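The file query_4.txt comes next; it holds compact mmCIF, C-alpha atoms and all ligand atoms.
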# COMPACT_ATOMS: atom_id res chain seq x y z
CA MET A 1 139.50 -22.80 284.18
CA ASN A 2 138.65 -21.01 280.95
CA LEU A 3 139.35 -22.76 277.67
CA THR A 4 139.06 -22.31 273.92
CA LEU A 5 137.60 -25.30 272.11
CA LYS A 6 138.28 -25.74 268.41
CA ILE A 7 135.69 -28.27 267.31
CA TRP A 8 135.06 -30.00 263.97
CA ARG A 9 131.54 -29.08 262.87
CA GLN A 10 129.97 -30.89 259.93
CA LYS A 11 126.22 -30.85 259.26
CA ASN A 12 126.00 -34.18 257.48
CA PRO A 13 128.13 -36.75 255.62
CA ASN A 14 127.95 -34.81 252.35
CA GLU A 15 128.66 -31.25 253.48
CA LYS A 16 132.15 -29.93 254.01
CA GLY A 17 133.14 -29.59 257.65
CA LYS A 18 135.26 -26.94 259.38
CA ILE A 19 136.83 -26.14 262.74
CA VAL A 20 134.73 -23.70 264.80
CA SER A 21 136.05 -21.92 267.89
CA TYR A 22 134.06 -21.86 271.17
CA PRO A 23 135.12 -20.32 274.49
CA VAL A 24 134.05 -22.22 277.65
CA LYS A 25 134.27 -20.73 281.14
CA ASP A 26 134.49 -21.99 284.75
CA ILE A 27 135.36 -25.59 283.90
CA ASP A 28 136.14 -27.65 287.01
CA GLY A 29 139.22 -29.92 286.92
CA ASP A 30 137.10 -32.75 288.35
CA MET A 31 134.70 -32.71 285.40
CA SER A 32 135.06 -35.38 282.77
CA PHE A 33 135.76 -34.31 279.20
CA LEU A 34 132.20 -35.22 278.21
CA GLU A 35 130.77 -33.16 281.09
CA MET A 36 132.76 -30.21 279.77
CA MET A 37 131.22 -30.86 276.33
CA ASP A 38 127.78 -30.95 278.02
CA VAL A 39 128.44 -27.48 279.48
CA LEU A 40 129.18 -26.17 275.98
CA ASN A 41 126.10 -27.87 274.52
CA VAL A 42 123.77 -26.42 277.17
CA GLU A 43 125.13 -22.96 276.32
CA LEU A 44 124.66 -23.56 272.59
CA ILE A 45 121.08 -24.80 273.11
CA GLU A 46 120.25 -21.77 275.31
CA LYS A 47 121.54 -19.50 272.52
CA GLY A 48 119.34 -21.35 270.00
CA GLU A 49 122.36 -22.87 268.23
CA ASN A 50 122.92 -26.48 267.19
CA PRO A 51 124.65 -28.53 269.92
CA VAL A 52 127.80 -30.47 269.01
CA ALA A 53 126.86 -34.05 268.09
CA PHE A 54 129.06 -36.68 269.74
CA ASP A 55 128.61 -40.33 270.65
CA HIS A 56 128.42 -41.43 274.28
CA ASP A 57 126.57 -43.96 276.38
CA CYS A 58 127.99 -45.59 279.53
CA ARG A 59 130.36 -42.75 280.49
CA GLU A 60 132.47 -45.22 282.46
CA GLY A 61 134.86 -46.70 279.90
CA ILE A 62 132.78 -49.74 278.96
CA CYS A 63 130.73 -49.10 275.82
CA GLY A 64 133.43 -47.64 273.56
CA MET A 65 131.15 -44.96 272.13
CA CYS A 66 132.93 -41.73 273.12
CA SER A 67 135.18 -41.45 270.09
CA MET A 68 137.00 -38.12 270.01
CA TYR A 69 140.37 -37.07 268.71
CA ILE A 70 141.65 -34.57 271.27
CA ASN A 71 144.71 -32.45 270.53
CA GLY A 72 145.87 -35.02 267.99
CA GLU A 73 145.39 -38.10 270.19
CA ALA A 74 142.57 -40.62 270.29
CA HIS A 75 140.79 -40.21 273.66
CA GLY A 76 143.13 -37.33 274.54
CA PRO A 77 146.41 -36.97 276.41
CA ASP A 78 145.91 -39.54 279.21
CA ARG A 79 146.84 -43.23 278.88
CA GLY A 80 144.54 -46.21 279.44
CA VAL A 81 141.34 -44.14 279.52
CA THR A 82 138.46 -43.36 277.20
CA THR A 83 137.26 -39.78 276.56
CA CYS A 84 134.51 -40.19 279.16
CA GLN A 85 137.16 -41.13 281.77
CA LEU A 86 139.44 -38.22 280.87
CA HIS A 87 139.44 -35.51 283.53
CA MET A 88 139.68 -31.80 282.79
CA ARG A 89 142.53 -31.54 285.32
CA LYS A 90 144.72 -32.86 282.50
CA PHE A 91 144.37 -29.40 280.93
CA LYS A 92 145.24 -25.97 282.26
CA ASP A 93 143.59 -22.58 282.35
CA GLY A 94 143.86 -20.79 279.01
CA ASP A 95 144.44 -23.97 276.97
CA THR A 96 143.18 -24.34 273.41
CA ILE A 97 141.83 -27.83 272.75
CA TYR A 98 141.30 -29.24 269.26
CA ILE A 99 138.47 -31.80 269.09
CA GLU A 100 137.95 -33.84 265.94
CA PRO A 101 136.17 -37.05 264.90
CA TRP A 102 137.94 -40.34 264.14
CA ARG A 103 139.30 -40.03 260.64
CA ALA A 104 139.25 -43.22 258.54
CA LYS A 105 137.67 -44.17 255.22
CA ALA A 106 135.88 -47.08 256.90
CA PHE A 107 134.41 -44.74 259.58
CA PRO A 108 132.51 -42.08 257.57
CA ILE A 109 131.44 -38.97 259.48
CA ILE A 110 127.71 -38.82 260.27
CA LYS A 111 127.67 -35.40 261.94
CA ASP A 112 130.23 -33.28 263.83
CA LEU A 113 132.17 -35.77 266.00
CA MET A 114 129.95 -38.80 265.30
CA VAL A 115 131.26 -41.44 262.93
CA ASP A 116 129.67 -44.59 261.54
CA ARG A 117 131.48 -47.57 263.08
CA SER A 118 129.12 -50.22 261.73
CA ALA A 119 132.07 -51.66 259.77
CA PHE A 120 133.17 -53.15 263.12
CA ASP A 121 129.73 -54.78 263.51
CA ARG A 122 130.04 -56.36 260.07
CA VAL A 123 133.48 -57.74 260.95
CA MET A 124 131.95 -59.25 264.11
CA ASN A 125 128.97 -60.66 262.19
CA ALA A 126 131.40 -62.38 259.83
CA GLY A 127 132.76 -64.62 262.60
CA GLY A 128 133.23 -63.00 266.00
CA PHE A 129 131.12 -65.60 267.81
CA VAL A 130 130.95 -69.28 268.77
CA SER A 131 128.05 -71.48 267.68
CA VAL A 132 126.57 -73.11 270.78
CA ASN A 133 124.10 -75.98 270.91
CA THR A 134 121.22 -74.68 273.00
CA SER A 135 119.01 -77.76 272.64
CA GLY A 136 119.18 -78.57 276.35
CA ASN A 137 122.38 -80.66 276.42
CA THR A 138 124.76 -77.68 276.41
CA ILE A 139 128.03 -78.38 278.18
CA ASP A 140 128.60 -75.94 281.02
CA ALA A 141 131.57 -73.73 280.05
CA ASN A 142 133.05 -74.21 283.52
CA ALA A 143 133.21 -77.98 282.99
CA THR A 144 136.02 -77.53 280.40
CA PRO A 145 139.39 -76.98 282.09
CA ILE A 146 141.44 -74.16 280.54
CA PRO A 147 145.09 -73.40 281.42
CA LYS A 148 145.27 -70.23 283.52
CA GLU A 149 147.67 -68.52 281.11
CA ASP A 150 145.29 -69.07 278.16
CA ALA A 151 142.29 -67.92 280.18
CA ASP A 152 144.13 -64.73 281.20
CA LYS A 153 145.21 -63.95 277.63
CA ALA A 154 141.68 -64.58 276.31
CA PHE A 155 140.27 -62.30 279.02
CA GLU A 156 142.77 -59.55 278.22
CA ALA A 157 141.80 -59.73 274.51
CA ALA A 158 138.12 -59.69 275.49
CA THR A 159 138.53 -56.32 277.22
CA CYS A 160 138.51 -54.61 273.79
CA ILE A 161 135.50 -52.28 273.80
CA GLY A 162 135.39 -51.69 270.04
CA CYS A 163 136.01 -47.96 270.38
CA GLY A 164 138.02 -47.64 267.17
CA ALA A 165 140.87 -45.59 268.68
CA CYS A 166 143.32 -48.09 267.16
CA VAL A 167 141.99 -47.32 263.67
CA ALA A 168 141.96 -43.57 264.30
CA SER A 169 145.56 -43.57 265.58
CA CYS A 170 146.96 -45.67 262.74
CA LYS A 171 148.41 -43.82 259.74
CA ASN A 172 146.99 -46.65 257.58
CA ALA A 173 143.62 -46.69 259.39
CA SER A 174 144.23 -50.37 260.06
CA ALA A 175 141.77 -52.33 262.20
CA MET A 176 144.24 -55.13 262.94
CA LEU A 177 144.35 -54.52 266.71
CA PHE A 178 140.55 -54.65 267.04
CA VAL A 179 140.09 -57.67 264.76
CA SER A 180 143.00 -59.55 266.32
CA ALA A 181 141.59 -59.01 269.82
CA LYS A 182 138.24 -60.41 268.66
CA VAL A 183 139.92 -63.38 266.94
CA SER A 184 142.23 -64.03 269.91
CA GLN A 185 139.58 -64.02 272.62
CA LEU A 186 138.04 -67.08 270.91
CA ALA A 187 141.15 -68.70 269.38
CA LEU A 188 142.69 -69.12 272.83
CA LEU A 189 139.74 -71.07 274.25
CA PRO A 190 138.65 -74.65 273.45
CA GLN A 191 135.12 -73.42 272.68
CA GLY A 192 136.53 -71.16 269.96
CA LYS A 193 138.73 -73.75 268.28
CA VAL A 194 135.87 -75.54 266.46
CA GLU A 195 135.23 -72.64 264.03
CA ALA A 196 138.70 -71.07 264.28
CA LYS A 197 139.71 -71.61 260.66
CA GLU A 198 136.56 -70.16 259.06
CA ARG A 199 136.38 -67.38 261.64
CA VAL A 200 139.79 -65.85 261.03
CA ILE A 201 139.47 -66.02 257.23
CA LYS A 202 135.99 -64.45 257.23
CA MET A 203 136.86 -61.71 259.73
CA VAL A 204 140.09 -60.73 257.97
CA ASN A 205 138.37 -60.73 254.56
CA THR A 206 135.54 -58.55 255.87
CA MET A 207 138.05 -56.18 257.46
CA ASP A 208 139.73 -55.76 254.06
CA GLU A 209 136.42 -55.35 252.21
CA GLU A 210 135.36 -52.59 254.63
CA GLY A 211 138.31 -50.45 253.53
CA PHE A 212 140.58 -50.60 256.58
CA GLY A 213 144.26 -50.22 255.76
CA ASN A 214 146.99 -52.76 256.32
CA CYS A 215 149.28 -53.04 259.34
CA THR A 216 152.86 -51.79 259.03
CA ASN A 217 153.81 -52.45 262.66
CA THR A 218 154.08 -48.83 263.79
CA GLY A 219 152.40 -49.68 267.11
CA ALA A 220 150.40 -46.44 267.46
CA CYS A 221 147.26 -48.55 268.02
CA GLU A 222 148.71 -50.22 271.11
CA VAL A 223 149.85 -46.89 272.57
CA GLU A 224 146.45 -45.22 272.13
CA CYS A 225 144.25 -48.22 272.99
CA PRO A 226 142.38 -47.36 276.21
CA LYS A 227 142.29 -51.04 277.20
CA GLY A 228 145.96 -51.83 276.65
CA ILE A 229 145.28 -54.46 273.97
CA SER A 230 148.68 -55.90 273.06
CA LEU A 231 150.27 -56.15 269.60
CA GLU A 232 150.82 -59.80 270.55
CA ASN A 233 147.22 -60.33 269.39
CA ILE A 234 148.10 -59.18 265.86
CA ALA A 235 150.94 -61.72 265.73
CA ARG A 236 148.51 -64.41 266.96
CA MET A 237 145.92 -63.47 264.33
CA ASN A 238 148.56 -63.61 261.58
CA ARG A 239 149.55 -67.11 262.74
CA GLU A 240 145.89 -68.19 262.88
CA TYR A 241 145.29 -66.78 259.39
CA LEU A 242 148.35 -68.48 257.89
CA LYS A 243 147.40 -71.80 259.51
CA ALA A 244 143.83 -71.49 258.22
CA MET A 245 144.94 -70.69 254.67
CA ILE A 246 147.40 -73.62 254.58
CA LEU A 247 144.81 -76.07 255.92
CA LYS A 248 142.01 -74.72 253.72
S1 LIG A 301 141.76 -52.67 270.31
FE1 LIG A 301 141.70 -50.98 271.84
S2 LIG A 301 141.58 -49.12 270.60
FE2 LIG A 301 141.00 -50.82 269.27
S3 LIG A 301 138.78 -50.98 269.40
FE3 LIG A 301 139.62 -52.39 270.96
S4 LIG A 301 139.71 -51.15 272.84
FE4 LIG A 301 139.46 -49.68 271.16
S1 LIG A 302 130.85 -43.33 276.94
FE1 LIG A 302 131.11 -45.51 277.14
S2 LIG A 302 133.26 -45.79 277.00
FE2 LIG A 302 133.00 -43.62 276.99

Kindly return the structure encoded in the file as structure tokens.
Ligand code: SF4
Ligand code: FES
Amino acid sequence: MNLTLKIWRQKNPNEKGKIVSYPVKDIDGDMSFLEMMDVLNVELIEKGENPVAFDHDCREGICGMCSMYINGEAHGPDRGVTTCQLHMRKFKDGDTIYIEPWRAKAFPIIKDLMVDRSAFDRVMNAGGFVSVNTSGNTIDANATPIPKEDADKAFEAATCIGCGACVASCKNASAMLFVSAKVSQLALLPQGKVEAKERVIKMVNTMDEEGFGNCTNTGACEVECPKGISLENIARMNREYLKAMILK
């Protein structure tokens, strides 16, 4: 199929960006969206032009790097997939596709479609971990029985890949779905309960300091999340936060 790509080009964080139009030809429906972008970039390099900068790594839905806003939707028109898992068969011959970076104050643009998501790392550094005694008498995690329902919910929360689509889809650029998944995956397990109080307070405070907006329950994050992270996690994080503030 032949397509017209309208891509956000921006040289650096300080220069003004703009949409630039590029035609691409002979795109196979079985290609992934990133492979289609590779075809364009090879053409641009052969012409001596600057290729489009975009983040990618695993190309199999695991690393969360391939952040692209495609035709007004984070990760494009499909559900439950990342951009690297999106197939070109979702589009048709002659289509015009708009491709933009995540747009949020806390995710400043580095170049073209690449944004700086280190704010997520700082939220994780604030408390997204458990402190484990590694002196040689560590208790094997499997020796602690955990109810199946809790284990399943913790696992589901742990499938968050930190892609940032929730922030990009939210009109408030809220990071509540991401942070609540990271709080929940530990809050549900006995190993995570020891530091639960400090964790939720520190992670929520860091989220606010980083400039993410607040949650107004529109639910766009849940719809666009490629891993199906549930809003239930936000409710859990709010309960954890309230509990921690009362017991402080
Ligand atoms: S909650 Fe979903 S959309 Fe948000 S960072 Fe995690 S995987 Fe991505
Ligand atoms: S490149 Fe890793 S999730 Fe898309």

(message) I'd like the contact shell of stretch 190-192 of chain A - 12 Å cut-off, all atoms listed in the file, skipping same-chain residues fewer than 3 positions apart - returned as a ChimeraX atom specification.
(response) /A:127-133,138-147,150-151,154,182-187,195-200

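The residue that comes closest to A:Met124, out of A:Asn137, A:Thr159, A:Asn50, A:Thr206 and on the basis of all atoms listed in the file, is A:Thr206.
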
Taking all atoms listed in the file into account, which residues have an atom no farther than 9 Å from ligand LIG 301 (chain A)? I'd like them as a compact mmCIF listing (two decimals) with C-alpha atoms, in the coordinates of the input.
# COMPACT_ATOMS: atom_id res chain seq x y z
CA GLY A 64 133.43 -47.64 273.56
CA ALA A 74 142.57 -40.62 270.29
CA THR A 82 138.46 -43.36 277.20
CA PHE A 120 133.17 -53.15 263.12
CA ALA A 157 141.80 -59.73 274.51
CA ALA A 158 138.12 -59.69 275.49
CA THR A 159 138.53 -56.32 277.22
CA CYS A 160 138.51 -54.61 273.79
CA ILE A 161 135.50 -52.28 273.80
CA GLY A 162 135.39 -51.69 270.04
CA CYS A 163 136.01 -47.96 270.38
CA GLY A 164 138.02 -47.64 267.17
CA ALA A 165 140.87 -45.59 268.68
CA CYS A 166 143.32 -48.09 267.16
CA VAL A 167 141.99 -47.32 263.67
CA ALA A 168 141.96 -43.57 264.30
CA SER A 169 145.56 -43.57 265.58
CA ALA A 175 141.77 -52.33 262.20
CA MET A 176 144.24 -55.13 262.94
CA LEU A 177 144.35 -54.52 266.71
CA PHE A 178 140.55 -54.65 267.04
CA VAL A 179 140.09 -57.67 264.76
CA SER A 180 143.00 -59.55 266.32
CA ALA A 181 141.59 -59.01 269.82
CA LYS A 182 138.24 -60.41 268.66
CA CYS A 221 147.26 -48.55 268.02
CA GLU A 222 148.71 -50.22 271.11
CA VAL A 223 149.85 -46.89 272.57
CA GLU A 224 146.45 -45.22 272.13
CA CYS A 225 144.25 -48.22 272.99
CA PRO A 226 142.38 -47.36 276.21
CA LYS A 227 142.29 -51.04 277.20
CA GLY A 228 145.96 -51.83 276.65
CA ILE A 229 145.28 -54.46 273.97
CA SER A 230 148.68 -55.90 273.06

(message) Nearest residue to A:Leu40 out of A:Lys6, A:Tyr69, A:Met114, A:Tyr241, using all atoms listed in the file?
(response)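 Smallest distance to A:Leu40 is found for A:Lys6.
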
(request) Rank A:Met237, A:Ile62, A:Ala173, A:Leu189 by their smallest atom-to-atom distance to A:Cys215, using only C-alpha atoms, and report the top residue only. (result)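 Distance minimum relative to A:Cys215 lands on A:Ala173.
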
(message) Please compute the atom CA of A:Thr96-atom CA of A:Val81 distance, one decimal, in Å.
(response)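 Going from atom CA of A:Thr96 over to atom CA of A:Val81, I get 20.8 Å.
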
Please give the centre and size of the box around ligand LIG 302 (chain A) (axis-aligned, containing every atom listed in the file, 6 Å added per side), with values in Å to one decimal and written as JSON.
{"center_x": 132.1, "center_y": -44.6, "center_z": 277.0, "size_x": 14.4, "size_y": 14.5, "size_z": 12.2}

(request) Could you give me, as a ChimeraX atom specification, every polymer residue with an atom at most 10 Å away from an atom of ligand LIG 302 (chain A), counting all atoms listed in the file? (result) /A:33-34,54-68,75,81-86,161-163,226

Take the residues from that selection and put them in a file with C-alpha atoms, as a PDB file, keeping the file's coordinate frame.
ATOM      1  CA  PHE A  33     135.760 -34.310 279.200  1.00  0.00           C
ATOM      2  CA  LEU A  34     132.200 -35.220 278.210  1.00  0.00           C
ATOM      3  CA  PHE A  54     129.060 -36.680 269.740  1.00  0.00           C
ATOM      4  CA  ASP A  55     128.610 -40.330 270.650  1.00  0.00           C
ATOM      5  CA  HIS A  56     128.420 -41.430 274.280  1.00  0.00           C
ATOM      6  CA  ASP A  57     126.570 -43.960 276.380  1.00  0.00           C
ATOM      7  CA  CYS A  58     127.990 -45.590 279.530  1.00  0.00           C
ATOM      8  CA  ARG A  59     130.360 -42.750 280.490  1.00  0.00           C
ATOM      9  CA  GLU A  60     132.470 -45.220 282.460  1.00  0.00           C
ATOM     10  CA  GLY A  61     134.860 -46.700 279.900  1.00  0.00           C
ATOM     11  CA  ILE A  62     132.780 -49.740 278.960  1.00  0.00           C
ATOM     12  CA  CYS A  63     130.730 -49.100 275.820  1.00  0.00           C
ATOM     13  CA  GLY A  64     133.430 -47.640 273.560  1.00  0.00           C
ATOM     14  CA  MET A  65     131.150 -44.960 272.130  1.00  0.00           C
ATOM     15  CA  CYS A  66     132.930 -41.730 273.120  1.00  0.00           C
ATOM     16  CA  SER A  67     135.180 -41.450 270.090  1.00  0.00           C
ATOM     17  CA  MET A  68     137.000 -38.120 270.010  1.00  0.00           C
ATOM     18  CA  HIS A  75     140.790 -40.210 273.660  1.00  0.00           C
ATOM     19  CA  VAL A  81     141.340 -44.140 279.520  1.00  0.00           C
ATOM     20  CA  THR A  82     138.460 -43.360 277.200  1.00  0.00           C
ATOM     21  CA  THR A  83     137.260 -39.780 276.560  1.00  0.00           C
ATOM     22  CA  CYS A  84     134.510 -40.190 279.160  1.00  0.00           C
ATOM     23  CA  GLN A  85     137.160 -41.130 281.770  1.00  0.00           C
ATOM     24  CA  LEU A  86     139.440 -38.220 280.870  1.00  0.00           C
ATOM     25  CA  ILE A 161     135.500 -52.280 273.800  1.00  0.00           C
ATOM     26  CA  GLY A 162     135.390 -51.690 270.040  1.00  0.00           C
ATOM     27  CA  CYS A 163     136.010 -47.960 270.380  1.00  0.00           C
ATOM     28  CA  PRO A 226     142.380 -47.360 276.210  1.00  0.00           C
TER      29      PRO A 226
END
